[in-house]
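S.K.: Sharing target09.cif, mmCIF, C-alpha atoms:
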```cif
data_protein
loop_
_atom_site.label_atom_id
_atom_site.label_comp_id
_atom_site.auth_asym_id
_atom_site.auth_seq_id
_atom_site.Cartn_x
_atom_site.Cartn_y
_atom_site.Cartn_z
CA MET D 1 -3.29 -6.61 -12.58
CA SER D 2 -6.63 -6.02 -14.30
CA THR D 3 -7.14 -2.81 -16.19
CA LYS D 4 -10.44 -2.09 -14.43
CA GLN D 5 -8.99 -2.49 -10.96
CA VAL D 6 -5.90 -0.47 -11.85
CA THR D 7 -8.24 2.24 -12.98
CA VAL D 8 -10.23 2.24 -9.74
CA ALA D 9 -7.07 2.07 -7.63
CA GLU D 10 -5.41 4.78 -9.69
CA LYS D 11 -8.46 6.98 -9.64
CA LEU D 12 -8.64 6.64 -5.86
CA GLU D 13 -4.99 7.64 -5.67
CA GLN D 14 -5.68 10.65 -7.90
CA LEU D 15 -8.59 11.60 -5.65
CA GLU D 16 -6.37 11.28 -2.61
CA ALA D 17 -3.86 13.60 -4.31
CA VAL D 18 -6.66 16.16 -4.80
CA LEU D 19 -7.44 15.93 -1.09
CA VAL D 20 -3.77 16.45 -0.22
CA TRP D 21 -3.72 19.47 -2.56
CA PHE D 22 -6.66 21.02 -0.74
CA GLU D 23 -4.86 20.49 2.56
CA SER D 24 -1.85 22.45 1.31
CA GLU D 25 -1.42 26.07 2.35
CA GLU D 26 -1.22 27.82 -0.97
CA ILE D 27 -4.45 27.28 -2.81
CA THR D 28 -5.78 29.71 -5.37
CA VAL D 29 -9.35 30.25 -6.52
CA GLU D 30 -8.49 29.18 -10.08
CA GLY D 31 -6.54 26.14 -8.87
CA SER D 32 -9.25 25.08 -6.43
CA LEU D 33 -11.91 25.25 -9.14
CA ILE D 34 -9.82 23.05 -11.44
CA LYS D 35 -9.16 20.56 -8.63
CA TYR D 36 -12.82 20.54 -7.64
CA GLU D 37 -13.83 19.70 -11.20
CA GLU D 38 -11.22 16.95 -11.17
CA ALA D 39 -12.55 15.53 -7.88
CA LEU D 40 -16.12 15.61 -9.16
CA GLU D 41 -15.18 13.81 -12.37
CA LEU D 42 -13.12 11.19 -10.53
CA SER D 43 -15.88 10.54 -7.99
CA LYS D 44 -18.40 9.92 -10.77
CA GLU D 45 -16.06 7.51 -12.53
CA ILE D 46 -15.22 5.61 -9.32
CA GLU D 47 -18.87 5.33 -8.36
CA GLU D 48 -19.71 4.03 -11.82
CA LEU D 49 -16.93 1.45 -11.76
CA LEU D 50 -17.65 0.25 -8.23
CA LYS D 51 -21.38 -0.12 -8.82
CA ASN D 52 -21.04 -2.06 -12.06
CA ALA D 53 -17.85 -4.13 -11.69
CA LYS D 54 -18.35 -7.87 -11.14
CA ASN D 55 -15.83 -10.34 -9.74
CA LYS D 56 -14.57 -13.16 -11.95
CA VAL D 57 -13.61 -16.50 -10.40
CA GLU D 58 -11.59 -19.07 -12.31
CA ILE D 59 -11.16 -22.52 -10.77
CA ILE D 60 -7.96 -24.34 -11.64
CA LYS D 61 -8.13 -28.08 -11.11
CA ASN D 62 -4.57 -29.10 -11.94
CA LYS D 63 -2.93 -31.90 -10.05
CA PHE D 64 -0.82 -29.68 -7.87
CA GLU D 65 2.30 -31.35 -6.56
CA ALA D 66 5.21 -29.97 -4.66
CA MET G 67 1.91 -80.39 -7.01
CA ASN G 68 4.12 -78.32 -9.33
CA GLU G 69 7.13 -77.24 -7.50
CA LEU G 70 8.27 -73.71 -8.21
CA SER G 71 11.85 -73.25 -7.36
CA LEU G 72 12.99 -69.66 -6.86
CA SER G 73 16.14 -68.03 -5.69
CA VAL G 74 15.84 -65.95 -2.53
CA SER G 75 16.12 -62.75 -4.52
CA GLN G 76 13.45 -63.92 -6.96
CA ALA G 77 11.20 -64.85 -4.06
CA ILE G 78 11.63 -61.43 -2.45
CA ASP G 79 11.04 -59.69 -5.78
CA GLY G 80 7.91 -61.79 -6.32
CA PHE G 81 6.56 -61.01 -2.85
CA ASN G 82 7.26 -57.31 -3.35
CA GLU G 83 5.43 -57.40 -6.68
CA LEU G 84 2.41 -58.92 -4.99
CA LEU G 85 2.60 -56.40 -2.18
CA ASP G 86 2.87 -53.57 -4.66
CA GLN G 87 -0.25 -54.74 -6.49
CA ALA G 88 -2.20 -55.31 -3.30
CA TYR G 89 -0.97 -52.27 -1.41
CA PRO G 90 0.55 -49.62 -3.70
CA PHE G 91 0.49 -47.53 -0.55
CA VAL G 92 -0.99 -47.83 2.91
CA ILE G 93 -1.88 -45.29 5.56
CA ILE G 94 -1.11 -46.58 9.05
CA GLU G 95 -1.56 -44.90 12.39
CA GLY G 96 0.47 -45.74 15.45
CA GLU G 97 2.95 -44.57 18.03
CA VAL G 98 6.58 -43.87 17.16
CA SER G 99 9.40 -45.67 18.96
CA SER G 100 13.12 -46.17 18.39
CA PHE G 101 13.29 -43.05 16.21
CA LYS G 102 16.78 -42.39 14.84
CA VAL G 103 18.51 -40.61 11.96
CA ASN G 104 21.56 -42.26 10.41
CA GLN G 105 24.25 -40.38 8.47
CA ASN G 106 22.00 -37.33 8.51
CA LYS G 107 20.19 -38.96 5.59
CA PHE G 108 18.22 -42.07 6.58
CA VAL G 109 15.42 -42.21 9.14
CA PHE G 110 14.50 -45.40 10.96
CA PHE G 111 11.73 -45.90 13.47
CA ASP G 112 9.06 -48.34 14.57
CA ILE G 113 5.37 -47.71 14.53
CA LYS G 114 3.35 -49.68 17.03
CA ASP G 115 0.07 -50.20 18.81
CA GLN G 116 -0.68 -52.25 21.90
CA ASP G 117 -0.15 -55.59 20.16
CA ALA G 118 2.13 -55.13 17.15
CA THR G 119 5.12 -53.28 15.73
CA LEU G 120 6.22 -52.44 12.20
CA GLY G 121 9.66 -51.22 11.16
CA CYS G 122 9.75 -48.04 9.07
CA PHE G 123 12.34 -46.41 6.86
CA MET G 124 12.29 -43.01 5.16
CA MET G 125 14.63 -40.43 3.66
CA LEU G 126 15.34 -37.43 5.87
CA PHE G 127 14.27 -34.99 3.14
CA ASP G 128 10.78 -36.52 3.25
CA LEU G 129 10.47 -35.73 6.94
CA LYS G 130 8.55 -32.44 7.09
CA MET G 131 7.67 -32.24 10.75
CA PRO G 132 9.77 -32.99 13.82
CA ILE G 133 9.09 -36.51 15.11
CA GLN G 134 9.97 -37.96 18.51
CA ASP G 135 9.41 -41.24 20.29
CA GLY G 136 5.97 -41.46 21.86
CA MET G 137 4.26 -39.28 19.23
CA LYS G 138 1.14 -40.58 17.58
CA VAL G 139 1.56 -40.40 13.80
CA LYS G 140 -0.06 -41.27 10.52
CA VAL G 141 2.26 -42.57 7.81
CA LEU G 142 1.79 -42.92 4.08
CA ALA G 143 3.99 -45.84 3.10
CA THR G 144 4.72 -48.70 0.75
CA PRO G 145 5.17 -52.13 2.33
CA LYS G 146 8.28 -53.95 1.27
CA ILE G 147 10.48 -56.93 2.08
CA THR G 148 14.10 -55.91 2.15
CA LYS G 149 16.87 -57.99 0.63
CA TRP G 150 17.71 -59.01 4.16
CA GLY G 151 14.27 -60.53 4.45
CA LYS G 152 12.93 -57.96 6.82
CA PHE G 153 9.42 -56.61 6.35
CA SER G 154 9.46 -52.81 6.40
CA LEU G 155 7.41 -49.79 5.48
CA THR G 156 9.05 -47.28 3.16
CA VAL G 157 7.47 -44.06 4.37
CA LYS G 158 6.70 -41.27 1.89
CA SER G 159 5.18 -38.95 4.42
CA ILE G 160 4.53 -38.82 8.12
CA MET G 161 2.27 -36.55 10.07
CA PRO G 162 1.76 -36.32 13.83
CA ILE G 163 -1.86 -36.86 14.88
CA GLY G 164 -3.73 -36.07 18.04
CA GLU G 165 -3.50 -32.73 19.77
CA GLY G 166 -0.58 -33.59 22.06
CA SER G 167 1.71 -35.01 19.35
CA LEU G 168 0.82 -32.27 16.92
CA LYS G 169 1.47 -29.53 19.44
CA LYS G 170 4.82 -31.02 20.39
CA SER G 171 5.87 -31.38 16.75
CA GLN G 172 4.67 -27.89 15.85
CA ASP G 173 6.46 -26.37 18.85
CA LEU G 174 9.72 -28.00 17.78
CA LEU G 175 9.29 -26.83 14.18
CA LYS G 176 8.25 -23.37 15.28
CA GLN G 177 11.43 -23.03 17.34
CA LYS G 178 13.56 -24.18 14.41
CA LEU G 179 11.95 -21.79 11.91
CA GLU G 180 11.98 -18.95 14.41
CA ASN G 181 15.74 -19.41 14.80
CA GLU G 182 16.03 -19.09 11.02
CA GLY G 183 14.17 -15.77 11.18
CA LEU G 184 11.22 -16.93 9.09
CA PHE G 185 8.69 -15.25 11.36
CA ASP G 186 10.55 -11.94 11.68
CA THR G 187 8.33 -8.90 11.23
CA SER G 188 11.03 -7.34 9.03
CA ARG G 189 10.22 -9.99 6.40
CA LYS G 190 6.57 -8.96 6.20
CA ARG G 191 5.48 -7.19 3.07
CA ILE G 192 2.54 -4.80 2.84
CA LEU G 193 -0.40 -6.09 0.85
CA PRO G 194 -1.72 -3.82 -1.92
CA LYS G 195 -4.54 -1.55 -0.76
CA ILE G 196 -6.76 -2.68 -3.59
CA PRO G 197 -5.64 -5.89 -5.30
CA GLY G 198 -6.76 -6.69 -8.84
CA ARG G 199 -5.69 -10.30 -9.39
CA ILE G 200 -5.89 -12.68 -6.46
CA GLY G 201 -4.66 -16.26 -6.23
CA VAL G 202 -6.49 -18.44 -3.73
CA VAL G 203 -5.22 -21.71 -2.29
CA SER G 204 -8.20 -23.64 -0.93
CA SER G 205 -10.87 -26.18 -1.73
CA SER G 206 -13.87 -25.07 -3.77
CA GLN G 207 -16.01 -27.24 -1.45
CA ALA G 208 -14.64 -25.84 1.81
CA ALA G 209 -17.02 -23.76 3.91
CA GLY G 210 -14.16 -21.34 4.59
CA TYR G 211 -13.68 -20.69 0.87
CA LYS G 212 -17.40 -20.11 0.39
CA ASP G 213 -17.45 -17.61 3.27
CA PHE G 214 -14.42 -15.88 1.80
CA ILE G 215 -15.97 -15.54 -1.68
CA LYS G 216 -19.29 -14.32 -0.30
CA ILE G 217 -17.67 -11.57 1.73
CA VAL G 218 -15.39 -10.53 -1.13
CA GLU G 219 -18.47 -10.33 -3.40
CA ASP G 220 -20.28 -8.15 -0.87
CA ARG G 221 -17.34 -5.83 -0.38
CA TRP G 222 -15.76 -5.20 -3.77
CA GLY G 223 -16.14 -5.79 -7.51
CA GLY G 224 -13.98 -6.20 -10.59
CA LEU G 225 -11.58 -8.69 -9.06
CA GLU G 226 -10.01 -11.60 -10.92
CA ILE G 227 -9.80 -14.57 -8.58
CA LEU G 228 -7.87 -17.72 -9.48
CA LEU G 229 -8.71 -20.61 -7.17
CA THR G 230 -6.30 -23.51 -7.09
CA ASP G 231 -8.77 -26.19 -6.06
CA ILE G 232 -6.93 -28.53 -3.71
CA THR G 233 -7.53 -30.75 -0.75
CA VAL G 234 -6.91 -28.82 2.46
CA GLN G 235 -6.65 -31.69 4.92
CA GLY G 236 -5.10 -35.10 5.10
CA ILE G 237 -1.77 -36.55 4.23
CA ASP G 238 -1.82 -35.26 0.61
CA ALA G 239 -2.67 -31.70 1.58
CA PRO G 240 0.86 -30.34 2.25
CA ALA G 241 2.16 -31.34 -1.19
CA GLN G 242 -0.90 -29.88 -2.88
CA ILE G 243 -0.69 -26.61 -0.94
CA VAL G 244 2.99 -26.28 -1.85
CA GLY G 245 2.22 -27.16 -5.50
CA ALA G 246 -0.58 -24.60 -5.66
CA ILE G 247 1.60 -21.83 -4.20
CA LYS G 248 4.32 -22.72 -6.71
CA TYR G 249 1.80 -22.72 -9.56
CA LEU G 250 0.39 -19.33 -8.59
CA ASN G 251 3.87 -17.85 -8.37
CA GLU G 252 5.24 -19.37 -11.55
CA VAL G 253 2.39 -20.03 -13.95
CA ALA G 254 -0.32 -17.58 -12.98
CA ASN G 255 2.14 -14.74 -12.54
CA ASP G 256 1.23 -11.10 -12.13
CA LEU G 257 -0.92 -11.77 -9.10
CA ASP G 258 -1.19 -9.04 -6.47
CA VAL G 259 -1.66 -11.41 -3.56
CA ILE G 260 -1.96 -15.11 -2.73
CA VAL G 261 -4.59 -16.01 -0.14
CA VAL G 262 -4.33 -19.35 1.69
CA ILE G 263 -7.59 -20.22 3.44
CA ARG G 264 -9.28 -23.04 5.25
CA GLY G 265 -12.18 -23.09 7.69
CA GLY G 266 -12.13 -24.50 11.19
CA GLY G 267 -11.36 -28.10 12.02
CA SER G 268 -9.61 -30.41 14.43
CA ALA G 269 -5.90 -30.12 15.17
CA ASP G 270 -5.33 -32.99 12.71
CA ASP G 271 -7.36 -31.21 10.00
CA LEU G 272 -5.31 -28.05 10.37
CA ALA G 273 -1.95 -29.86 10.63
CA PRO G 274 -1.00 -29.40 6.94
CA PHE G 275 -0.78 -25.65 7.59
CA SER G 276 2.02 -26.23 10.06
CA ASN G 277 3.94 -28.52 7.73
CA GLU G 278 7.52 -27.39 7.12
CA ASP G 279 7.24 -27.49 3.31
CA VAL G 280 4.04 -25.44 3.42
CA VAL G 281 5.59 -22.89 5.77
CA ARG G 282 8.69 -22.59 3.58
CA ALA G 283 6.59 -22.27 0.41
CA ILE G 284 4.67 -19.37 1.94
CA ALA G 285 7.91 -17.80 3.18
CA GLY G 286 9.42 -18.13 -0.30
CA SER G 287 6.41 -16.84 -2.20
CA ARG G 288 7.33 -14.06 -4.60
CA THR G 289 3.77 -12.76 -4.36
CA PRO G 290 2.71 -11.33 -0.98
CA THR G 291 0.66 -13.76 1.10
CA LEU G 292 -2.41 -13.58 3.31
CA VAL G 293 -3.25 -16.64 5.40
CA GLY G 294 -6.55 -17.28 7.16
CA VAL G 295 -6.79 -20.77 8.60
CA GLY G 296 -9.25 -22.16 11.13
CA HIS G 297 -11.00 -20.16 13.79
CA GLU G 298 -9.67 -17.15 15.67
CA VAL G 299 -7.99 -19.29 18.32
CA ASP G 300 -6.15 -21.49 15.81
CA ILE G 301 -2.69 -20.23 14.97
CA SER G 302 -0.82 -22.35 12.45
CA LEU G 303 2.81 -21.87 11.44
CA ALA G 304 1.48 -20.75 8.03
CA ASP G 305 -0.26 -17.90 9.85
CA LEU G 306 3.00 -16.88 11.49
CA VAL G 307 5.04 -16.88 8.30
CA ALA G 308 2.49 -15.09 6.10
CA ASP G 309 2.93 -11.44 5.22
CA LYS G 310 -0.47 -10.87 6.80
CA ARG G 311 -2.47 -13.11 9.11
CA ALA G 312 -6.24 -13.25 9.09
CA SER G 313 -8.02 -14.89 11.99
CA THR G 314 -10.53 -16.67 9.72
CA PRO G 315 -11.28 -16.95 5.97
CA SER G 316 -14.00 -14.30 6.41
CA ASN G 317 -11.48 -12.00 8.08
CA ALA G 318 -9.11 -12.67 5.15
CA ALA G 319 -11.77 -11.27 2.80
CA GLU G 320 -12.16 -8.20 5.02
CA LEU G 321 -8.41 -7.59 5.11
CA LEU G 322 -8.05 -8.17 1.39
CA VAL G 323 -10.44 -5.60 -0.05
CA PRO G 324 -12.02 -2.43 1.29
CA GLU G 325 -15.76 -2.09 1.75
CA LYS G 326 -17.31 -0.64 -1.40
CA ASN G 327 -19.74 1.58 0.52
CA ASP G 328 -16.95 2.88 2.79
CA THR G 329 -14.97 3.79 -0.32
CA LEU G 330 -17.97 5.52 -1.88
CA SER G 331 -18.53 7.49 1.35
CA MET G 332 -14.86 8.44 1.37
CA VAL G 333 -15.16 9.59 -2.26
CA ALA G 334 -18.21 11.69 -1.37
CA ARG G 335 -16.34 13.19 1.59
CA THR G 336 -13.45 14.11 -0.67
CA VAL G 337 -15.81 15.97 -3.02
CA THR G 338 -17.32 17.81 -0.04
CA THR G 339 -13.82 18.71 1.16
CA ALA G 340 -13.02 19.99 -2.34
CA GLN G 341 -16.21 22.10 -2.27
CA SER G 342 -15.24 23.57 1.10
CA GLY G 343 -11.75 24.17 -0.29
CA VAL G 344 -13.15 26.21 -3.18
CA SER G 345 -15.35 28.25 -0.78
CA ALA G 346 -12.39 28.84 1.50
CA ALA G 347 -10.22 29.94 -1.44
CA ILE G 348 -12.93 32.39 -2.56
CA ARG G 349 -13.28 33.72 1.00
CA VAL G 350 -9.52 34.19 1.29
CA PHE G 351 -9.51 35.93 -2.10
CA GLU G 352 -12.30 38.30 -1.01
CA GLU G 353 -10.58 39.07 2.25
CA ASP G 354 -7.31 39.67 0.42
CA SER G 355 -9.09 41.92 -2.09
CA GLU G 356 -10.68 43.95 0.68
CA ARG G 357 -7.39 44.29 2.48
CA VAL G 358 -5.53 45.28 -0.69
CA GLY G 359 -8.32 47.77 -1.60
CA ALA G 360 -8.10 49.36 1.84
CA GLU G 361 -4.33 49.54 1.53
CA ILE G 362 -4.57 51.24 -1.88
CA GLU G 363 -7.10 53.75 -0.53
CA ASN G 364 -4.83 54.43 2.38
CA CYS G 365 -1.89 54.98 0.08
CA ILE G 366 -3.87 57.42 -2.07
CA ASP G 367 -4.92 59.34 1.06
CA MET G 368 -1.36 59.41 2.26
CA PHE G 369 -0.19 60.57 -1.15
CA PHE G 370 -2.62 63.46 -1.18
CA LYS G 371 -1.87 64.37 2.41
CA GLU G 372 1.85 64.38 1.76
CA ASN G 373 1.40 66.51 -1.41
CA GLU G 374 -0.93 68.89 0.33
CA ALA G 375 1.75 69.64 2.88
CA SER G 376 4.34 70.12 0.15
CA LEU G 377 2.05 72.46 -1.72
CA LEU G 378 1.54 74.53 1.40
CA VAL G 379 5.28 74.84 1.89
CA MET G 380 5.72 75.74 -1.74
CA LYS G 381 2.91 78.25 -1.53
CA ARG G 382 4.47 79.88 1.50
CA THR G 383 7.84 79.96 -0.21
CA LEU G 384 6.33 81.48 -3.33
CA ILE G 385 4.56 84.11 -1.26
CA GLN G 386 7.83 84.94 0.40
CA LEU G 387 9.50 85.19 -2.99
CA ASP G 388 6.77 87.36 -4.57
CA PRO G 389 8.66 90.47 -5.92
CA ASN G 390 5.51 92.59 -5.52
CA ARG G 391 5.81 92.19 -1.74
CA VAL G 392 9.30 93.72 -1.97
CA LEU G 393 8.12 96.47 -4.36
CA ARG G 394 5.32 97.34 -1.93
CA ARG G 395 7.94 97.98 0.69
CA GLY G 396 9.39 100.81 -1.52
CA TYR G 397 11.87 98.92 -3.59
CA SER G 398 11.78 98.97 -7.39
CA LEU G 399 12.94 96.66 -10.14
CA ILE G 400 15.03 98.10 -13.02
CA THR G 401 15.09 96.18 -16.26
CA LYS G 402 16.84 96.80 -19.55
CA GLU G 403 15.50 94.96 -22.52
CA GLU G 404 13.52 92.70 -20.10
CA LYS G 405 16.61 91.73 -18.14
CA ALA G 406 16.99 92.72 -14.53
CA ILE G 407 19.81 95.18 -13.86
CA LYS G 408 21.69 93.94 -10.86
CA SER G 409 24.85 96.11 -11.14
CA VAL G 410 25.97 99.52 -12.44
CA ALA G 411 28.10 97.51 -14.78
CA ASP G 412 24.93 96.39 -16.57
CA VAL G 413 24.16 99.92 -17.86
CA THR G 414 25.90 102.68 -19.74
CA ILE G 415 25.00 106.34 -20.04
CA GLY G 416 22.12 106.86 -22.38
CA ASP G 417 20.59 103.40 -21.88
CA SER G 418 16.83 103.31 -21.76
CA VAL G 419 15.55 101.39 -18.74
CA ASN G 420 12.21 100.45 -17.19
CA ILE G 421 11.71 101.10 -13.48
CA LYS G 422 8.97 98.86 -12.10
CA PHE G 423 7.12 99.96 -8.95
CA TYR G 424 4.47 97.90 -7.18
CA ASP G 425 1.80 99.97 -8.96
CA GLY G 426 3.36 100.72 -12.36
CA VAL G 427 6.36 101.16 -14.60
CA VAL G 428 8.43 104.33 -15.32
CA LYS G 429 10.59 104.55 -18.41
CA ALA G 430 13.93 106.37 -17.72
CA GLU G 431 17.32 107.14 -19.25
CA VAL G 432 20.70 106.66 -17.61
CA LEU G 433 22.32 110.03 -17.24
CA ASN G 434 25.27 109.20 -15.12
CA VAL G 435 27.07 106.05 -13.88
CA ASN G 436 29.28 106.25 -10.73
#
```
Can you dump the structure from the file as structure tokens?
M.R.:
Amino acid sequence: MSTKQVTVAEKLEQLEAVLVWFESEEITVEGSLIKYEEALELSKEIEELLKNAKNKVEIIKNKFEA
Amino acid sequence: MNELSLSVSQAIDGFNELLDQAYPFVIIEGEVSSFKVNQNKFVFFDIKDQDATLGCFMMLFDLKMPIQDGMKVKVLATPKITKWGKFSLTVKSIMPIGEGSLKKSQDLLKQKLENEGLFDTSRKRILPKIPGRIGVVSSSQAAGYKDFIKIVEDRWGGLEILLTDITVQGIDAPAQIVGAIKYLNEVANDLDVIVVIRGGGSADDLAPFSNEDVVRAIAGSRTPTLVGVGHEVDISLADLVADKRASTPSNAAELLVPEKNDTLSMVARTVTTAQSGVSAAIRVFEEDSERVGAEIENCIDMFFKENEASLLVMKRTLIQLDPNRVLRRGYSLITKEEKAIKSVADVTIGDSVNIKFYDGVVKAEVLNVN
């Protein structure tokens, strides 16, 4: 798996975890501020990666045989 | 004329050599008749048209699709004269052609594979939400592949795509599809998903995707598979066995990766939710603070009220106990050396005592004790 894609996928998972945290019942002001900062940082990184990442296609021309 | 004298075997070998040079292989179309399998190993049948018939032989393991008498087929074969002097085609592969024959063959194969459980939903694996490395089995020239790549490009970035560039129709296609799937699983390992795609075509064009070897290769793929072959109405056996079926190559691209803009909107929504979460936490904190403050105030009030009552009781008690009140009623308090005299036993004759009245003190001497 490519590092870049792992990063995007992982960052999206981290962001999802932040969302789940906010949906929990026991949130504190201090905790919510930390999580908000985290969400903001993650969103910037994801946006950056998604806007700039290019796909790479490699064509393999072997003589494929069963 | 030079006479060339050959043994029968030499003659047959010579003819076969010539045949091999002239026709290393031939592709012949015709209708199957007298189809039979001997010793569960050898397959014999005739292939014919209106005017002629050719005998065919093949090994059972080369037979990848069910064949019956009356089916129209295309065979890839080597012509040969047997040692019994019979002209025969040694068939390497056979494929039903024409919609009716294909459908019949595919239905028979489908039933067989279904009985083996190859299409069971319990076998289906979930594709990764966002794949990183993708193996593609298709032709770089196929319109379906081009559609697929275009849509993937529009939807997502940063992917590594490995295309095994093969032929996706014709008699060679099944072996190449199987080889490509094997390659992607064994050589180009670490893939997140293998996508098998081909655009629309006739029933004959799509036939390789219902070939038994192809279906088994997809079923046996270590890497999860996504198959998108033909148009929406075309359902190949490869579609049925795949972990995920796409109706077309374009749909395969849509199922494979999320839409970048949808993801960015979701990210933005998450940040908004986080903002609302912070506001809600602050609001809850303020409400809690107000409630706690009111409770503390209440407690202080209660404390003072409770103490006020106690003080009143104490005050009343003290008033009741005030010795001056008693003295005012005509009683007096006698002390000797600042100690109250409570009994005649506390004094002796001649002691000097103080007699306290409510309005003053009289000094006195004990003259008699009874």
S.K.: Check which residues of chain D sit at most 8 Å from region 343-362 of chain G using all atoms listed in the file, and return one row each with the closest pair of atoms and their distance in Å to one decimal, ordered by chain and rising number, as JSON lines.
M.R.:
```
{"residue": "D:Phe22", "atom": "CA", "partner": "G:Gly343", "partner_atom": "CA", "distance": 6.0}
{"residue": "D:Ile27", "atom": "CA", "partner": "G:Ala347", "partner_atom": "CA", "distance": 6.5}
{"residue": "D:Thr28", "atom": "CA", "partner": "G:Ala347", "partner_atom": "CA", "distance": 5.9}
{"residue": "D:Val29", "atom": "CA", "partner": "G:Ala347", "partner_atom": "CA", "distance": 5.2}
{"residue": "D:Ser32", "atom": "CA", "partner": "G:Val344", "partner_atom": "CA", "distance": 5.2}
{"residue": "D:Leu33", "atom": "CA", "partner": "G:Val344", "partner_atom": "CA", "distance": 6.2}
{"residue": "D:Tyr36", "atom": "CA", "partner": "G:Val344", "partner_atom": "CA", "distance": 7.2}
```
S.K.: Which residues would end up in the selection if the PyMOL selection byres ((chain D) within 7 of (chain G)) were applied here, given that I need the answer as a count of residues only?
M.R.: 31
S.K.: Return as AutoDock Vina command-line options the centre and edge lengths, in Å with one decimal, of the box along x, y and z that encloses every atom of region 303-314 of chain G in the file, padded by 5 Å per side.
M.R.:
```
--center_x -2.7 --center_y -16.4 --center_z 8.6 --size_x 25.6 --size_y 21.0 --size_z 16.8
```
S.K.: Counting only C-alpha atoms, what is within 9 Å of region 305-310 of chain G, bar same-chain residues fewer than 5 positions away, as a PDB file with C-alpha atoms, keeping the file's coordinate frame?
M.R.:
```
ATOM      1  CA  LEU G 184      11.220 -16.930   9.090  1.00  0.00           C
ATOM      2  CA  PHE G 185       8.690 -15.250  11.360  1.00  0.00           C
ATOM      3  CA  ASP G 186      10.550 -11.940  11.680  1.00  0.00           C
ATOM      4  CA  THR G 187       8.330  -8.900  11.230  1.00  0.00           C
ATOM      5  CA  ARG G 189      10.220  -9.990   6.400  1.00  0.00           C
ATOM      6  CA  LYS G 190       6.570  -8.960   6.200  1.00  0.00           C
ATOM      7  CA  ARG G 191       5.480  -7.190   3.070  1.00  0.00           C
ATOM      8  CA  ILE G 192       2.540  -4.800   2.840  1.00  0.00           C
ATOM      9  CA  LEU G 193      -0.400  -6.090   0.850  1.00  0.00           C
ATOM     10  CA  PHE G 275      -0.780 -25.650   7.590  1.00  0.00           C
ATOM     11  CA  SER G 276       2.020 -26.230  10.060  1.00  0.00           C
ATOM     12  CA  VAL G 281       5.590 -22.890   5.770  1.00  0.00           C
ATOM     13  CA  ARG G 282       8.690 -22.590   3.580  1.00  0.00           C
ATOM     14  CA  ILE G 284       4.670 -19.370   1.940  1.00  0.00           C
ATOM     15  CA  ALA G 285       7.910 -17.800   3.180  1.00  0.00           C
ATOM     16  CA  PRO G 290       2.710 -11.330  -0.980  1.00  0.00           C
ATOM     17  CA  THR G 291       0.660 -13.760   1.100  1.00  0.00           C
ATOM     18  CA  LEU G 292      -2.410 -13.580   3.310  1.00  0.00           C
ATOM     19  CA  VAL G 293      -3.250 -16.640   5.400  1.00  0.00           C
ATOM     20  CA  GLY G 294      -6.550 -17.280   7.160  1.00  0.00           C
ATOM     21  CA  VAL G 295      -6.790 -20.770   8.600  1.00  0.00           C
ATOM     22  CA  ALA G 318      -9.110 -12.670   5.150  1.00  0.00           C
ATOM     23  CA  LEU G 321      -8.410  -7.590   5.110  1.00  0.00           C
TER      24      LEU G 321
END
```
S.K.: Fewer than 4 positions away in the same chain doesn't count, so skip those; otherwise give me all residues within 9 Å of Ile147 (chain G), counting all atoms listed in the file, as a list in words.
M.R.: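 These residues fall inside the cut-off: Ile78, Asp79, Phe81, Asn82, Leu85, Gly151, Lys152, Phe153, Ser154 and Leu155 of chain G.
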S.K.: What does the distance between CA of Leu72 (chain G) and CA of Tyr89 (chain G) come to in Å, to one decimal place?
M.R.: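 Between CA of Leu72 (chain G) and CA of Tyr89 (chain G) the gap is 23.0 Å.
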S.K.: Applied to the shown file, which residues does the PyMOL selection byres ((chain G and resi 422) around 10) return, written as a PyMOL selection string?
M.R.: chain G and resi 390+393+397-401+419-421+423-429
S.K.: Those same residues - C-alpha atoms - I'd like them written as a CSV table (one decimal), in the frame of the given file.
M.R.:
```
chain,number,residue,atom,x,y,z
G,390,ASN,CA,5.5,92.6,-5.5
G,393,LEU,CA,8.1,96.5,-4.4
G,397,TYR,CA,11.9,98.9,-3.6
G,398,SER,CA,11.8,99.0,-7.4
G,399,LEU,CA,12.9,96.7,-10.1
G,400,ILE,CA,15.0,98.1,-13.0
G,401,THR,CA,15.1,96.2,-16.3
G,419,VAL,CA,15.6,101.4,-18.7
G,420,ASN,CA,12.2,100.4,-17.2
G,421,ILE,CA,11.7,101.1,-13.5
G,423,PHE,CA,7.1,100.0,-9.0
G,424,TYR,CA,4.5,97.9,-7.2
G,425,ASP,CA,1.8,100.0,-9.0
G,426,GLY,CA,3.4,100.7,-12.4
G,427,VAL,CA,6.4,101.2,-14.6
G,428,VAL,CA,8.4,104.3,-15.3
G,429,LYS,CA,10.6,104.6,-18.4
```
S.K.: Using all atoms listed in the file for the distances, tell me which of G:Gly210, G:Lys381, G:Glu298, G:Arg288 is nearest to Pro315 (chain G).
M.R.: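 Checking each candidate against Pro315 (chain G), we get G:Gly210 as the closest.
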